[in-house]
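Next comes data.cif, a file with mmCIF, C-alpha atoms.
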```
data_final
loop_
_atom_site.label_atom_id
_atom_site.label_comp_id
_atom_site.auth_asym_id
_atom_site.auth_seq_id
_atom_site.Cartn_x
_atom_site.Cartn_y
_atom_site.Cartn_z
CA MET A 1 -9.15 1.22 -19.64
CA ALA A 2 -8.20 -0.33 -16.33
CA ARG A 3 -10.65 -2.76 -14.77
CA ILE A 4 -11.01 -2.81 -10.98
CA LEU A 5 -12.33 -5.76 -9.03
CA VAL A 6 -12.89 -5.86 -5.27
CA ASP A 7 -13.42 -9.20 -3.55
CA ALA A 8 -16.43 -8.34 -1.39
CA ASP A 9 -15.80 -11.36 0.86
CA LYS A 10 -12.32 -10.10 1.70
CA CYS A 11 -13.06 -6.35 2.05
CA GLN A 12 -13.21 -5.33 5.72
CA GLY A 13 -13.71 -1.62 5.11
CA TYR A 14 -10.25 -0.41 6.17
CA GLY A 15 -10.61 2.36 3.63
CA GLN A 16 -6.92 2.61 2.68
CA CYS A 17 -7.88 2.45 -1.01
CA CYS A 18 -10.02 5.58 -0.63
CA TYR A 19 -6.94 7.58 0.38
CA GLU A 20 -4.78 6.27 -2.45
CA ALA A 21 -7.43 6.53 -5.17
CA PRO A 22 -10.32 8.76 -4.06
CA ALA A 23 -11.58 9.00 -7.65
CA ILE A 24 -12.22 5.26 -7.68
CA PHE A 25 -13.08 4.12 -4.14
CA THR A 26 -15.62 5.43 -1.61
CA LEU A 27 -16.16 3.94 1.83
CA ILE A 28 -19.50 4.23 3.51
CA ASP A 29 -19.52 0.71 4.87
CA ALA A 30 -17.78 -2.54 3.93
CA PRO A 31 -17.53 -3.64 1.19
CA VAL A 32 -16.19 -0.47 -0.40
CA THR A 33 -18.04 1.17 -3.30
CA TYR A 34 -15.96 1.63 -6.46
CA VAL A 35 -15.91 2.46 -10.16
CA ALA A 36 -15.23 -0.77 -12.05
CA ASP A 37 -13.87 0.64 -15.31
CA VAL A 38 -11.56 3.63 -15.09
CA ASP A 39 -9.44 5.59 -17.51
CA GLU A 40 -5.87 4.35 -18.07
CA SER A 41 -4.61 7.56 -16.41
CA LEU A 42 -5.94 6.24 -13.09
CA ARG A 43 -4.09 2.91 -13.33
CA ASP A 44 -1.22 4.04 -11.07
CA ASP A 45 -3.65 5.24 -8.40
CA ALA A 46 -5.57 1.96 -8.68
CA GLU A 47 -2.38 -0.07 -8.26
CA ARG A 48 -1.34 2.00 -5.24
CA ALA A 49 -4.76 1.32 -3.76
CA ALA A 50 -4.37 -2.41 -4.42
CA ASP A 51 -0.92 -2.34 -2.74
CA ALA A 52 -2.28 -0.48 0.28
CA CYS A 53 -5.20 -2.83 0.94
CA PRO A 54 -4.48 -4.68 4.21
CA VAL A 55 -6.49 -7.72 3.10
CA GLN A 56 -5.39 -7.56 -0.56
CA ALA A 57 -8.97 -7.51 -1.81
CA ILE A 58 -8.33 -5.36 -4.91
CA THR A 59 -7.35 -6.58 -8.38
CA VAL A 60 -6.42 -4.25 -11.23
CA GLU A 61 -6.52 -5.65 -14.77
CA MET B 1 22.23 -2.22 -16.20
CA GLY B 2 23.61 -3.79 -13.04
CA GLU B 3 22.52 -6.78 -11.00
CA VAL B 4 20.43 -6.28 -7.91
CA VAL B 5 20.32 -8.67 -4.96
CA ILE B 6 17.48 -8.30 -2.48
CA VAL B 7 18.12 -9.90 0.90
CA GLY B 8 14.84 -10.91 2.52
CA GLY B 9 11.74 -12.35 0.88
CA GLY B 10 8.83 -10.46 2.39
CA LEU B 11 6.58 -7.59 1.36
CA GLY B 12 9.42 -5.04 1.32
CA ALA B 13 11.39 -7.20 -1.13
CA LEU B 14 8.41 -7.50 -3.46
CA ARG B 15 7.54 -3.80 -3.44
CA THR B 16 11.18 -2.80 -3.99
CA ALA B 17 11.49 -5.19 -6.94
CA GLU B 18 8.28 -3.80 -8.46
CA SER B 19 9.49 -0.25 -7.91
CA LEU B 20 12.89 -1.01 -9.50
CA ARG B 21 11.06 -2.24 -12.59
CA SER B 22 8.64 0.66 -12.80
CA ALA B 23 11.60 3.05 -12.40
CA GLY B 24 13.19 1.49 -15.47
CA HIS B 25 15.73 -0.95 -14.02
CA SER B 26 15.81 -3.84 -16.49
CA GLY B 27 18.83 -5.75 -15.16
CA PRO B 28 18.64 -9.03 -13.25
CA ILE B 29 17.04 -9.07 -9.79
CA THR B 30 17.61 -11.94 -7.33
CA VAL B 31 15.64 -12.24 -4.09
CA VAL B 32 17.07 -14.41 -1.30
CA GLY B 33 14.49 -15.34 1.32
CA ASP B 34 14.86 -17.77 4.21
CA GLU B 35 11.21 -18.84 4.17
CA LEU B 36 9.91 -21.34 1.63
CA PHE B 37 7.09 -19.11 0.42
CA PRO B 38 7.08 -16.08 -1.85
CA PRO B 39 5.97 -12.84 -0.12
CA TYR B 40 2.73 -13.24 1.81
CA ASN B 41 0.57 -11.19 4.12
CA ARG B 42 1.50 -11.63 7.79
CA PRO B 43 -1.22 -9.80 9.76
CA PRO B 44 -3.82 -12.60 9.31
CA LEU B 45 -1.40 -15.02 11.04
CA SER B 46 -2.57 -13.79 14.44
CA LYS B 47 -6.21 -13.36 13.38
CA ASP B 48 -8.27 -15.05 10.61
CA ALA B 49 -5.57 -17.48 9.50
CA LEU B 50 -4.97 -18.60 13.08
CA LEU B 51 -8.72 -19.00 13.56
CA ASP B 52 -9.73 -20.59 10.26
CA GLY B 53 -6.54 -22.26 9.04
CA ILE B 54 -3.58 -21.12 6.97
CA ASP B 55 -4.18 -21.04 3.24
CA MET B 56 -1.02 -19.76 1.52
CA ALA B 57 -2.84 -19.22 -1.76
CA ARG B 58 -4.99 -16.69 0.05
CA LEU B 59 -2.12 -15.07 1.95
CA GLU B 60 0.35 -14.73 -0.92
CA PHE B 61 0.66 -11.25 -2.40
CA ARG B 62 -0.21 -10.80 -6.03
CA ARG B 63 2.95 -9.97 -7.91
CA ARG B 64 2.98 -7.54 -10.80
CA PRO B 65 3.89 -9.07 -14.19
CA SER B 66 6.94 -6.76 -14.26
CA VAL B 67 8.65 -8.99 -11.67
CA ASP B 68 7.97 -12.29 -13.43
CA ASP B 69 11.65 -12.52 -14.39
CA VAL B 70 12.93 -12.09 -10.83
CA THR B 71 14.97 -15.05 -9.53
CA TRP B 72 13.62 -16.25 -6.18
CA ARG B 73 16.08 -18.17 -4.03
CA LEU B 74 13.76 -19.30 -1.27
CA GLY B 75 14.66 -21.34 1.78
CA ARG B 76 18.13 -19.77 1.67
CA ARG B 77 19.68 -17.47 4.22
CA VAL B 78 22.31 -14.80 3.64
CA VAL B 79 25.14 -15.22 6.15
CA ALA B 80 27.53 -12.43 5.13
CA ALA B 81 27.98 -9.50 2.80
CA ASP B 82 31.04 -7.54 1.72
CA LEU B 83 29.80 -4.18 0.52
CA SER B 84 33.21 -3.07 -0.77
CA SER B 85 33.22 -5.87 -3.36
CA GLY B 86 29.45 -6.40 -3.68
CA THR B 87 29.65 -10.03 -2.58
CA ILE B 88 26.74 -11.75 -0.82
CA THR B 89 27.34 -15.14 0.83
CA LEU B 90 24.48 -17.63 1.24
CA ASP B 91 24.20 -20.37 3.86
CA ASP B 92 25.05 -23.07 1.28
CA GLY B 93 28.28 -21.29 0.38
CA THR B 94 26.96 -19.72 -2.84
CA LEU B 95 28.45 -16.30 -3.63
CA LEU B 96 26.28 -13.73 -5.40
CA LYS B 97 27.75 -10.63 -7.01
CA ALA B 98 25.66 -7.49 -6.78
CA ASP B 99 25.95 -4.00 -8.24
CA GLY B 100 23.04 -2.88 -6.09
CA LEU B 101 21.90 -4.28 -2.72
CA VAL B 102 18.48 -4.13 -1.08
CA VAL B 103 18.38 -4.92 2.63
CA ALA B 104 14.91 -6.28 3.32
CA SER B 105 15.91 -8.84 5.93
CA GLY B 106 13.32 -7.71 8.47
CA ILE B 107 13.01 -8.79 12.06
CA ARG B 108 12.57 -11.95 14.10
CA PRO B 109 10.77 -12.41 17.41
CA ARG B 110 12.84 -11.77 20.51
CA ARG B 111 13.17 -14.93 22.61
CA LEU B 112 13.87 -14.92 26.33
CA PRO B 113 16.37 -17.36 27.82
CA LEU B 114 14.08 -18.95 30.43
CA ALA B 115 14.71 -22.18 32.30
CA GLY B 116 12.51 -25.21 31.70
CA PRO B 117 11.26 -27.34 28.81
CA ALA B 118 11.24 -25.87 25.29
CA GLU B 119 8.38 -27.98 23.90
CA GLY B 120 5.18 -25.95 23.83
CA ARG B 121 6.91 -22.56 23.59
CA PHE B 122 6.29 -20.61 20.40
CA ALA B 123 6.83 -17.22 18.83
CA LEU B 124 4.75 -15.91 15.93
CA ARG B 125 6.33 -14.43 12.83
CA THR B 126 5.95 -16.84 9.94
CA ALA B 127 3.21 -18.98 8.43
CA ALA B 128 5.08 -22.03 9.72
CA ASP B 129 4.96 -20.58 13.26
CA ALA B 130 1.22 -19.92 12.93
CA GLU B 131 0.62 -23.48 11.70
CA GLN B 132 2.38 -24.92 14.75
CA ILE B 133 0.55 -22.67 17.21
CA ARG B 134 -2.80 -23.34 15.56
CA SER B 135 -2.42 -27.09 15.99
CA ARG B 136 -2.09 -26.54 19.76
CA LEU B 137 -5.00 -24.14 20.32
CA THR B 138 -7.52 -26.81 21.23
CA PRO B 139 -10.63 -26.01 23.29
CA GLY B 140 -9.88 -25.97 27.01
CA SER B 141 -6.11 -25.84 26.62
CA HIS B 142 -4.27 -23.34 28.80
CA VAL B 143 -2.65 -20.69 26.67
CA LEU B 144 -0.15 -18.37 28.26
CA ILE B 145 0.78 -15.29 26.30
CA MET B 146 3.94 -13.41 27.17
CA GLY B 147 3.72 -9.78 26.16
CA ALA B 148 0.69 -7.53 25.82
CA GLY B 149 1.49 -5.80 22.53
CA PHE B 150 -0.65 -6.11 19.41
CA ILE B 151 0.48 -9.62 18.50
CA GLY B 152 0.00 -10.90 22.05
CA CYS B 153 -3.47 -9.35 22.29
CA GLU B 154 -4.55 -10.55 18.86
CA VAL B 155 -3.44 -14.10 19.63
CA ALA B 156 -5.26 -13.86 22.97
CA ALA B 157 -8.48 -12.87 21.20
CA THR B 158 -8.15 -15.64 18.62
CA ALA B 159 -7.34 -18.27 21.27
CA ARG B 160 -10.47 -17.26 23.23
CA ARG B 161 -12.56 -17.66 20.10
CA LEU B 162 -11.10 -21.16 19.74
CA GLY B 163 -12.23 -21.97 23.27
CA CYS B 164 -8.86 -21.83 25.04
CA GLU B 165 -8.23 -20.61 28.59
CA VAL B 166 -6.08 -17.53 28.05
CA THR B 167 -3.79 -15.60 30.41
CA VAL B 168 -1.62 -12.68 29.30
CA VAL B 169 1.50 -11.99 31.37
CA ALA B 170 3.35 -8.73 30.76
CA LEU B 171 5.57 -6.30 32.58
CA ASP B 172 3.61 -3.33 31.21
CA ASP B 173 0.83 -1.70 33.25
CA GLU B 174 -1.71 -2.07 30.44
CA PRO B 175 -1.90 -3.91 27.12
CA MET B 176 -0.60 -2.04 24.04
CA ILE B 177 0.47 0.80 26.33
CA ARG B 178 3.36 2.02 24.18
CA PRO B 179 1.47 2.50 20.92
CA LEU B 180 -1.90 3.45 22.45
CA GLY B 181 -1.24 4.94 25.91
CA ALA B 182 -2.51 3.75 29.31
CA GLN B 183 -6.13 4.93 29.01
CA VAL B 184 -6.81 3.28 25.67
CA GLY B 185 -4.83 0.22 26.74
CA ALA B 186 -7.04 -0.07 29.83
CA ALA B 187 -10.18 0.14 27.70
CA MET B 188 -8.86 -2.64 25.47
CA ARG B 189 -8.00 -4.70 28.57
CA ARG B 190 -11.58 -4.38 29.82
CA ARG B 191 -12.86 -5.63 26.50
CA HIS B 192 -10.53 -8.61 26.66
CA GLU B 193 -11.57 -9.31 30.25
CA ARG B 194 -15.23 -9.29 29.24
CA GLU B 195 -14.32 -12.00 26.71
CA GLY B 196 -12.71 -14.05 29.47
CA VAL B 197 -9.00 -13.26 29.06
CA ARG B 198 -7.07 -12.97 32.33
CA PHE B 199 -4.24 -10.45 32.67
CA ARG B 200 -1.24 -10.65 35.01
CA LEU B 201 0.29 -7.23 34.41
CA GLY B 202 3.44 -5.92 36.06
CA HIS B 203 4.80 -9.45 36.11
CA THR B 204 7.36 -11.47 34.24
CA ILE B 205 7.81 -15.21 33.89
CA ASP B 206 10.75 -16.67 35.79
CA SER B 207 10.73 -20.23 34.52
CA PHE B 208 8.71 -23.01 32.93
CA HIS B 209 7.98 -26.42 34.37
CA GLY B 210 7.15 -29.82 32.92
CA ASP B 211 9.08 -32.84 31.68
CA GLU B 212 9.66 -32.33 27.97
CA GLN B 213 6.49 -30.34 27.43
CA VAL B 214 5.69 -27.10 29.27
CA ARG B 215 2.89 -27.64 31.81
CA SER B 216 3.15 -24.54 33.96
CA ALA B 217 5.02 -21.28 34.47
CA SER B 218 6.35 -19.51 37.58
CA LEU B 219 5.75 -15.78 37.75
CA SER B 220 7.96 -13.13 39.32
CA ASP B 221 5.64 -12.96 42.36
CA GLY B 222 6.12 -16.67 43.02
CA SER B 223 2.71 -17.77 41.76
CA GLU B 224 2.33 -20.59 39.26
CA LEU B 225 0.08 -20.70 36.19
CA PRO B 226 -0.94 -23.76 34.16
CA ALA B 227 0.36 -23.52 30.58
CA ASP B 228 -0.01 -26.05 27.76
CA VAL B 229 0.91 -23.55 25.07
CA VAL B 230 3.14 -20.50 25.52
CA VAL B 231 3.16 -17.77 22.89
CA GLU B 232 6.05 -15.36 23.36
CA ALA B 233 5.29 -11.94 21.90
CA VAL B 234 7.89 -9.80 23.61
CA GLY B 235 9.19 -7.71 20.76
CA SER B 236 11.63 -8.18 17.94
CA VAL B 237 15.28 -8.34 16.98
CA THR B 238 16.51 -6.94 13.65
CA ASN B 239 18.13 -9.32 11.18
CA THR B 240 21.35 -7.44 10.50
CA GLU B 241 24.11 -9.77 11.73
CA TRP B 242 24.97 -10.65 8.12
CA LEU B 243 25.93 -6.99 7.55
CA ASP B 244 28.53 -6.91 10.34
CA GLY B 245 32.01 -5.78 9.32
CA ASN B 246 30.86 -3.14 6.82
CA ALA B 247 31.20 -0.15 9.18
CA LEU B 248 27.44 0.57 9.03
CA ASP B 249 25.26 2.01 11.81
CA LEU B 250 23.42 -1.16 12.89
CA SER B 251 22.55 0.07 16.37
CA ASP B 252 18.80 -0.38 15.69
CA GLY B 253 18.24 -1.88 12.28
CA VAL B 254 20.03 -0.22 9.36
CA LEU B 255 20.34 3.57 9.29
CA VAL B 256 19.20 5.07 5.98
CA ASP B 257 18.61 8.58 4.63
CA SER B 258 15.33 9.96 3.26
CA ALA B 259 16.02 8.23 -0.08
CA MET B 260 16.45 4.89 1.82
CA ARG B 261 20.19 4.82 0.98
CA ILE B 262 22.20 2.97 3.63
CA VAL B 263 24.38 5.53 5.38
CA GLY B 264 28.09 4.71 4.96
CA SER B 265 27.63 1.95 2.37
CA ALA B 266 30.55 1.30 0.02
CA MET B 267 28.16 0.26 -2.79
CA PRO B 268 24.73 1.41 -3.99
CA ALA B 269 22.56 -0.05 -1.23
CA VAL B 270 19.14 0.68 0.23
CA ALA B 271 17.15 -0.73 3.14
CA VAL B 272 13.37 -1.11 3.43
CA GLY B 273 10.62 -2.27 5.76
CA ASP B 274 10.90 -3.28 9.43
CA VAL B 275 14.70 -3.27 9.38
CA ALA B 276 15.18 0.26 7.97
CA ARG B 277 15.69 3.09 10.46
CA HIS B 278 14.49 5.94 8.32
CA PRO B 279 13.85 9.65 8.82
CA ASN B 280 10.32 10.93 8.25
CA ALA B 281 9.72 14.65 7.68
CA LEU B 282 6.27 14.28 9.25
CA PHE B 283 7.96 13.47 12.57
CA GLY B 284 10.96 15.79 12.74
CA ASN B 285 13.25 13.66 10.56
CA VAL B 286 14.45 11.66 13.58
CA PRO B 287 15.23 8.21 12.18
CA TYR B 288 12.87 5.53 13.52
CA ARG B 289 12.23 1.93 12.69
CA VAL B 290 8.50 1.52 12.21
CA GLU B 291 7.06 -1.99 12.28
CA HIS B 292 3.78 -1.04 10.62
CA TRP B 293 2.28 -2.86 7.69
CA SER B 294 2.32 0.16 5.39
CA ILE B 295 6.07 0.77 5.78
CA PRO B 296 7.51 -1.97 3.50
CA THR B 297 5.34 -0.67 0.67
CA GLU B 298 6.19 3.00 1.24
CA THR B 299 9.92 2.51 1.83
CA GLY B 300 10.16 -0.12 -0.93
CA ARG B 301 8.60 2.22 -3.46
CA ARG B 302 11.08 4.96 -2.59
CA ALA B 303 14.09 2.62 -2.36
CA GLY B 304 13.41 1.07 -5.77
CA ARG B 305 13.42 4.48 -7.42
CA THR B 306 16.61 5.46 -5.60
CA LEU B 307 18.52 2.32 -6.55
CA ALA B 308 17.32 2.40 -10.17
CA ALA B 309 18.63 5.97 -10.45
CA GLN B 310 21.97 5.09 -8.83
CA LEU B 311 22.50 2.09 -11.12
CA SER B 312 21.89 4.15 -14.24
CA GLY B 313 24.26 6.89 -13.06
CA ASP B 314 21.53 9.40 -12.20
CA ASP B 315 21.11 11.34 -8.98
CA PRO B 316 18.34 9.90 -6.83
CA ASP B 317 15.57 12.05 -5.41
CA THR B 318 16.89 13.08 -1.98
CA GLY B 319 13.75 15.04 -1.03
CA PRO B 320 11.99 14.38 2.27
CA PHE B 321 10.27 11.06 3.02
CA THR B 322 6.75 11.79 4.18
CA ALA B 323 4.87 8.49 4.23
CA LEU B 324 2.18 8.46 6.90
CA PRO B 325 2.49 5.33 9.05
CA SER B 326 -0.74 3.47 9.63
CA PHE B 327 -1.67 0.33 11.49
CA TRP B 328 -4.78 -1.56 12.39
CA SER B 329 -5.72 -4.38 14.69
CA ASP B 330 -8.75 -6.63 14.93
CA GLN B 331 -9.55 -8.20 18.29
CA TYR B 332 -12.91 -9.98 18.62
CA ASP B 333 -15.30 -7.73 16.70
CA ILE B 334 -13.32 -4.60 17.57
CA SER B 335 -11.62 -2.88 14.70
CA LEU B 336 -8.89 -0.48 15.68
CA GLN B 337 -7.16 1.72 13.13
CA SER B 338 -4.42 4.32 13.47
CA PHE B 339 -2.67 6.93 11.39
CA GLY B 340 0.55 8.68 12.35
CA MET B 341 2.73 7.83 15.35
CA PRO B 342 0.50 7.85 18.44
CA GLY B 343 3.40 6.31 20.37
CA LEU B 344 5.24 9.66 20.18
CA ALA B 345 2.42 11.55 21.93
CA THR B 346 2.74 13.19 25.32
CA ARG B 347 -1.03 13.46 25.81
CA LEU B 348 -4.22 12.12 24.33
CA GLU B 349 -7.84 13.11 24.19
CA VAL B 350 -10.97 11.14 23.39
CA VAL B 351 -12.73 13.53 21.05
CA ASP B 352 -15.72 11.58 19.87
CA GLY B 353 -17.48 8.72 21.64
CA SER B 354 -16.21 7.14 24.85
CA LEU B 355 -13.43 4.64 25.40
CA ASP B 356 -15.65 1.62 25.97
CA GLU B 357 -17.63 2.34 22.82
CA PRO B 358 -16.76 3.32 19.27
CA CYS B 359 -14.55 6.41 19.57
CA ILE B 360 -11.81 8.57 18.10
CA ILE B 361 -8.69 9.41 20.12
CA GLU B 362 -6.31 12.25 19.20
CA TYR B 363 -2.63 11.96 20.16
CA ARG B 364 -0.52 15.12 20.52
CA ASP B 365 2.95 16.29 21.39
CA ASP B 366 4.07 19.89 21.98
CA ASP B 367 3.88 20.63 18.26
CA GLY B 368 0.36 19.31 17.77
CA LEU B 369 -1.31 16.20 16.42
CA VAL B 370 1.05 13.21 15.96
CA GLY B 371 -1.47 10.44 15.59
CA VAL B 372 -5.07 9.33 15.71
CA VAL B 373 -6.71 6.06 16.69
CA GLY B 374 -10.25 5.07 15.79
CA ILE B 375 -12.01 2.24 17.58
CA ASP B 376 -14.76 0.96 15.28
CA ARG B 377 -14.66 4.32 13.53
CA THR B 378 -12.57 3.51 10.45
CA SER B 379 -14.59 5.50 7.95
CA ASP B 380 -14.41 8.67 10.09
CA LEU B 381 -10.63 9.12 10.07
CA THR B 382 -10.29 10.69 6.62
CA GLY B 383 -9.83 14.30 7.80
CA TYR B 384 -7.17 13.24 10.29
CA ARG B 385 -5.11 11.63 7.60
CA THR B 386 -4.97 14.91 5.71
CA ARG B 387 -4.09 16.87 8.86
CA LEU B 388 -1.27 14.49 9.76
CA GLN B 389 0.10 14.53 6.22
CA ASP B 390 0.28 18.34 6.48
CA ARG B 391 2.76 18.07 9.36
CA ALA B 392 5.65 17.71 6.91
CA ILE B 393 8.60 19.96 7.70
CA VAL B 394 9.92 20.32 4.17
#
```
Encoding of this model in structure tokens:
Amino acid sequence: MARILVDADKCQGYGQCCYEAPAIFTLIDAPVTYVADVDESLRDDAERAADACPVQAITVE
Amino acid sequence: MGEVVIVGGGLGALRTAESLRSAGHSGPITVVGDELFPPYNRPPLSKDALLDGIDMARLEFRRRPSVDDVTWRLGRRVVAADLSSGTITLDDGTLLKADGLVVASGIRPRRLPLAGPAEGRFALRTAADAEQIRSRLTPGSHVLIMGAGFIGCEVAATARRLGCEVTVVALDDEPMIRPLGAQVGAAMRRRHEREGVRFRLGHTIDSFHGDEQVRSASLSDGSELPADVVVEAVGSVTNTEWLDGNALDLSDGVLVDSAMRIVGSAMPAVAVGDVARHPNALFGNVPYRVEHWSIPTETGRRAGRTLAAQLSGDDPDTGPFTALPSFWSDQYDISLQSFGMPGLATRLEVVDGSLDEPCIIEYRDDDGLVGVVGIDRTSDLTGYRTRLQDRAIV
């Protein structure tokens, strides 16, 4: 399992994570909505999403 | 496994190091960076961090555990490189030997040789620059911004919020005209004007006046403007002088192929980020340098895989590079986001909303859509991203 954490104070709703990992992140309004615990097979997508976040609000554990 | 030296200590360096590790390179990696900080996020330097104060702990990028063993030589500058022998020379005389080289040396602000005092004139690139500028943005101070690109406009917005008197002087007809076009630039100008920013467009600054500290500036039309703080945001210069003498194409950054390999290099070498002039199959494979935030990550990811393959004797993936550039800008409460290369467009159309309100603007050339800009419409750009990604000429 990979654990996702989004810092709601940092998230500005840029939505870049939704493009990198659509199975995890959904943007309706800031802060983004997401699945907190995802299968290990989605770890790469989650890390790409964390890399792509302009305000670096995403942590993957 | 060979030794890799990464020249430059920003986001591109970090992402390339991480990519080298995930592609299986287990040899030593050394990063040489001329700033004192490990890689950190620069966009807030003209926005939140300039407004609220610079907190490096908040700006620093998280680094993956895979790069814990990377050697960081910070506060050191590379002054020369000999690619035929793999020798990198640092400013303290240290010689590093490399089997693989990553050029991530980025850009620096262009400075204009103008007469007058130097004290009070700043350019914004680093956290140290932002710290200095911030200390001068006191309420009521006269801030003169040279250049009406994104950085100039973002600093103008932040300085207004801090209570400064702000004037933007630029030769362009409208702010952000090259990336956004005249119509959208004009709409952004009106928003700035409503916030109290004054524009002197179509003008340049001839000289500064004051004793040691700048107090005023003379414009090309002979008028004079008060100026306690000058922020010069008139473009960038690539940091490639250290590569001179290696018979590389350094005419605008470092020319690379779709795998980010430096064209004409005598050793395995890649370039990433702002300094890399790279082809993109989404935009006709004409090599461009793209100073967008997403580019160090995208080029670094590709370059790390390429170099790891080269160092283990494998053929790198030479397939097309198809990363979609994206940028954003926050000015006051306006959030502007873009995908693609709107600057390449020959015409634009506002397709949803109107320019002085939340809207979406499509940018086209003769072959179709090249970019899209959303003003306060971030969550509505999803479909455009897919359409632009489908442009690839593979």
Pick out the closest residue to chain A from this set: B:Ser265, B:Ser26, B:Ser294, B:Ser338. Count all atoms listed in the file.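 When distances to chain A are compared using all atoms listed in the file, the smallest one comes from B:Ser294.
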Using the chain letters and numbers from the file, give me the residues hit by the PyMOL selection byres ((chain A and resi 3) around 10), as a PyMOL selection string. chain A and resi 1-2+4-5+35-40+43+46+59-61
Do you know which residues are at most 8 Å from segment 47-56 of chain A counting all atoms listed in the file, after dropping those on the same chain fewer than 3 positions away, and could you put them as a PDB file with C-alpha atoms, in the frame of the given file?
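Heads up, here's the output in out-v4.pdb:
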```pdb
ATOM      1  CA  LYS A  10     -12.320 -10.100   1.700  1.00  0.00           C
ATOM      2  CA  CYS A  11     -13.060  -6.350   2.050  1.00  0.00           C
ATOM      3  CA  GLN A  12     -13.210  -5.330   5.720  1.00  0.00           C
ATOM      4  CA  TYR A  14     -10.250  -0.410   6.170  1.00  0.00           C
ATOM      5  CA  GLY A  15     -10.610   2.360   3.630  1.00  0.00           C
ATOM      6  CA  GLN A  16      -6.920   2.610   2.680  1.00  0.00           C
ATOM      7  CA  CYS A  17      -7.880   2.450  -1.010  1.00  0.00           C
ATOM      8  CA  CYS A  18     -10.020   5.580  -0.630  1.00  0.00           C
ATOM      9  CA  TYR A  19      -6.940   7.580   0.380  1.00  0.00           C
ATOM     10  CA  GLU A  20      -4.780   6.270  -2.450  1.00  0.00           C
ATOM     11  CA  ALA A  21      -7.430   6.530  -5.170  1.00  0.00           C
ATOM     12  CA  ARG A  43      -4.090   2.910 -13.330  1.00  0.00           C
ATOM     13  CA  ASP A  44      -1.220   4.040 -11.070  1.00  0.00           C
ATOM     14  CA  THR A  59      -7.350  -6.580  -8.380  1.00  0.00           C
ATOM     15  CA  VAL A  60      -6.420  -4.250 -11.230  1.00  0.00           C
TER      16      VAL A  60
ATOM     17  CA  ASN B  41       0.570 -11.190   4.120  1.00  0.00           C
ATOM     18  CA  PHE B  61       0.660 -11.250  -2.400  1.00  0.00           C
ATOM     19  CA  TRP B 293       2.280  -2.860   7.690  1.00  0.00           C
ATOM     20  CA  SER B 294       2.320   0.160   5.390  1.00  0.00           C
ATOM     21  CA  THR B 297       5.340  -0.670   0.670  1.00  0.00           C
TER      22      THR B 297
END
```
Non-local contacts of Met341 of chain B (9 Å; all atoms listed in the file; under 4 positions in same chain excluded) as number ranges by chain: B: 179, 283, 324-326, 345, 363, 370-372
Residues from the last selection, C-alpha atoms, saved as a compact mmCIF listing (two decimals), in the coordinates of the input:
```txt
# COMPACT_ATOMS: atom_id res chain seq x y z
CA PRO B 179 1.47 2.50 20.92
CA PHE B 283 7.96 13.47 12.57
CA LEU B 324 2.18 8.46 6.90
CA PRO B 325 2.49 5.33 9.05
CA SER B 326 -0.74 3.47 9.63
CA ALA B 345 2.42 11.55 21.93
CA TYR B 363 -2.63 11.96 20.16
CA VAL B 370 1.05 13.21 15.96
CA GLY B 371 -1.47 10.44 15.59
CA VAL B 372 -5.07 9.33 15.71
```
Can you give me, as a PyMOL selection string, the residues this file yields under the PyMOL selection byres ((chain B and resi 24) around 10)? chain B and resi 1+19-23+25-27+304-305+308-309+312
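The nearest approach to chain A among the residues B:Ala276, B:Leu51, B:Ala57, B:Leu348, with all atoms listed in the file taken into account, belongs to B:Ala57.
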Could you please fill out segment 7-14 of chain A with N, CA and C atoms and send it back as a PDB file, keeping the file's coordinate frame?
```
ATOM      1  N   ASP A   7     -12.847  -7.975  -4.112  1.00  0.00           N
ATOM      2  CA  ASP A   7     -13.420  -9.200  -3.550  1.00  0.00           C
ATOM      3  C   ASP A   7     -14.229  -8.818  -2.305  1.00  0.00           C
ATOM      4  N   ALA A   8     -15.550  -8.823  -2.466  1.00  0.00           N
ATOM      5  CA  ALA A   8     -16.430  -8.340  -1.390  1.00  0.00           C
ATOM      6  C   ALA A   8     -16.340  -9.213  -0.141  1.00  0.00           C
ATOM      7  N   ASP A   9     -15.961 -10.482  -0.313  1.00  0.00           N
ATOM      8  CA  ASP A   9     -15.800 -11.360   0.860  1.00  0.00           C
ATOM      9  C   ASP A   9     -14.583 -10.972   1.687  1.00  0.00           C
ATOM     10  N   LYS A  10     -13.553 -10.458   0.990  1.00  0.00           N
ATOM     11  CA  LYS A  10     -12.320 -10.100   1.700  1.00  0.00           C
ATOM     12  C   LYS A  10     -12.411  -8.703   2.314  1.00  0.00           C
ATOM     13  N   CYS A  11     -13.060  -7.761   1.628  1.00  0.00           N
ATOM     14  CA  CYS A  11     -13.060  -6.350   2.050  1.00  0.00           C
ATOM     15  C   CYS A  11     -13.605  -6.205   3.468  1.00  0.00           C
ATOM     16  N   GLN A  12     -12.803  -5.548   4.333  1.00  0.00           N
ATOM     17  CA  GLN A  12     -13.210  -5.330   5.720  1.00  0.00           C
ATOM     18  C   GLN A  12     -13.513  -3.862   5.981  1.00  0.00           C
ATOM     19  N   GLY A  13     -13.411  -3.039   4.948  1.00  0.00           N
ATOM     20  CA  GLY A  13     -13.710  -1.620   5.110  1.00  0.00           C
ATOM     21  C   GLY A  13     -12.618  -0.818   5.792  1.00  0.00           C
ATOM     22  N   TYR A  14     -11.344  -1.198   5.589  1.00  0.00           N
ATOM     23  CA  TYR A  14     -10.250  -0.410   6.170  1.00  0.00           C
ATOM     24  C   TYR A  14     -10.142   0.971   5.523  1.00  0.00           C
TER      25      TYR A  14
END
```
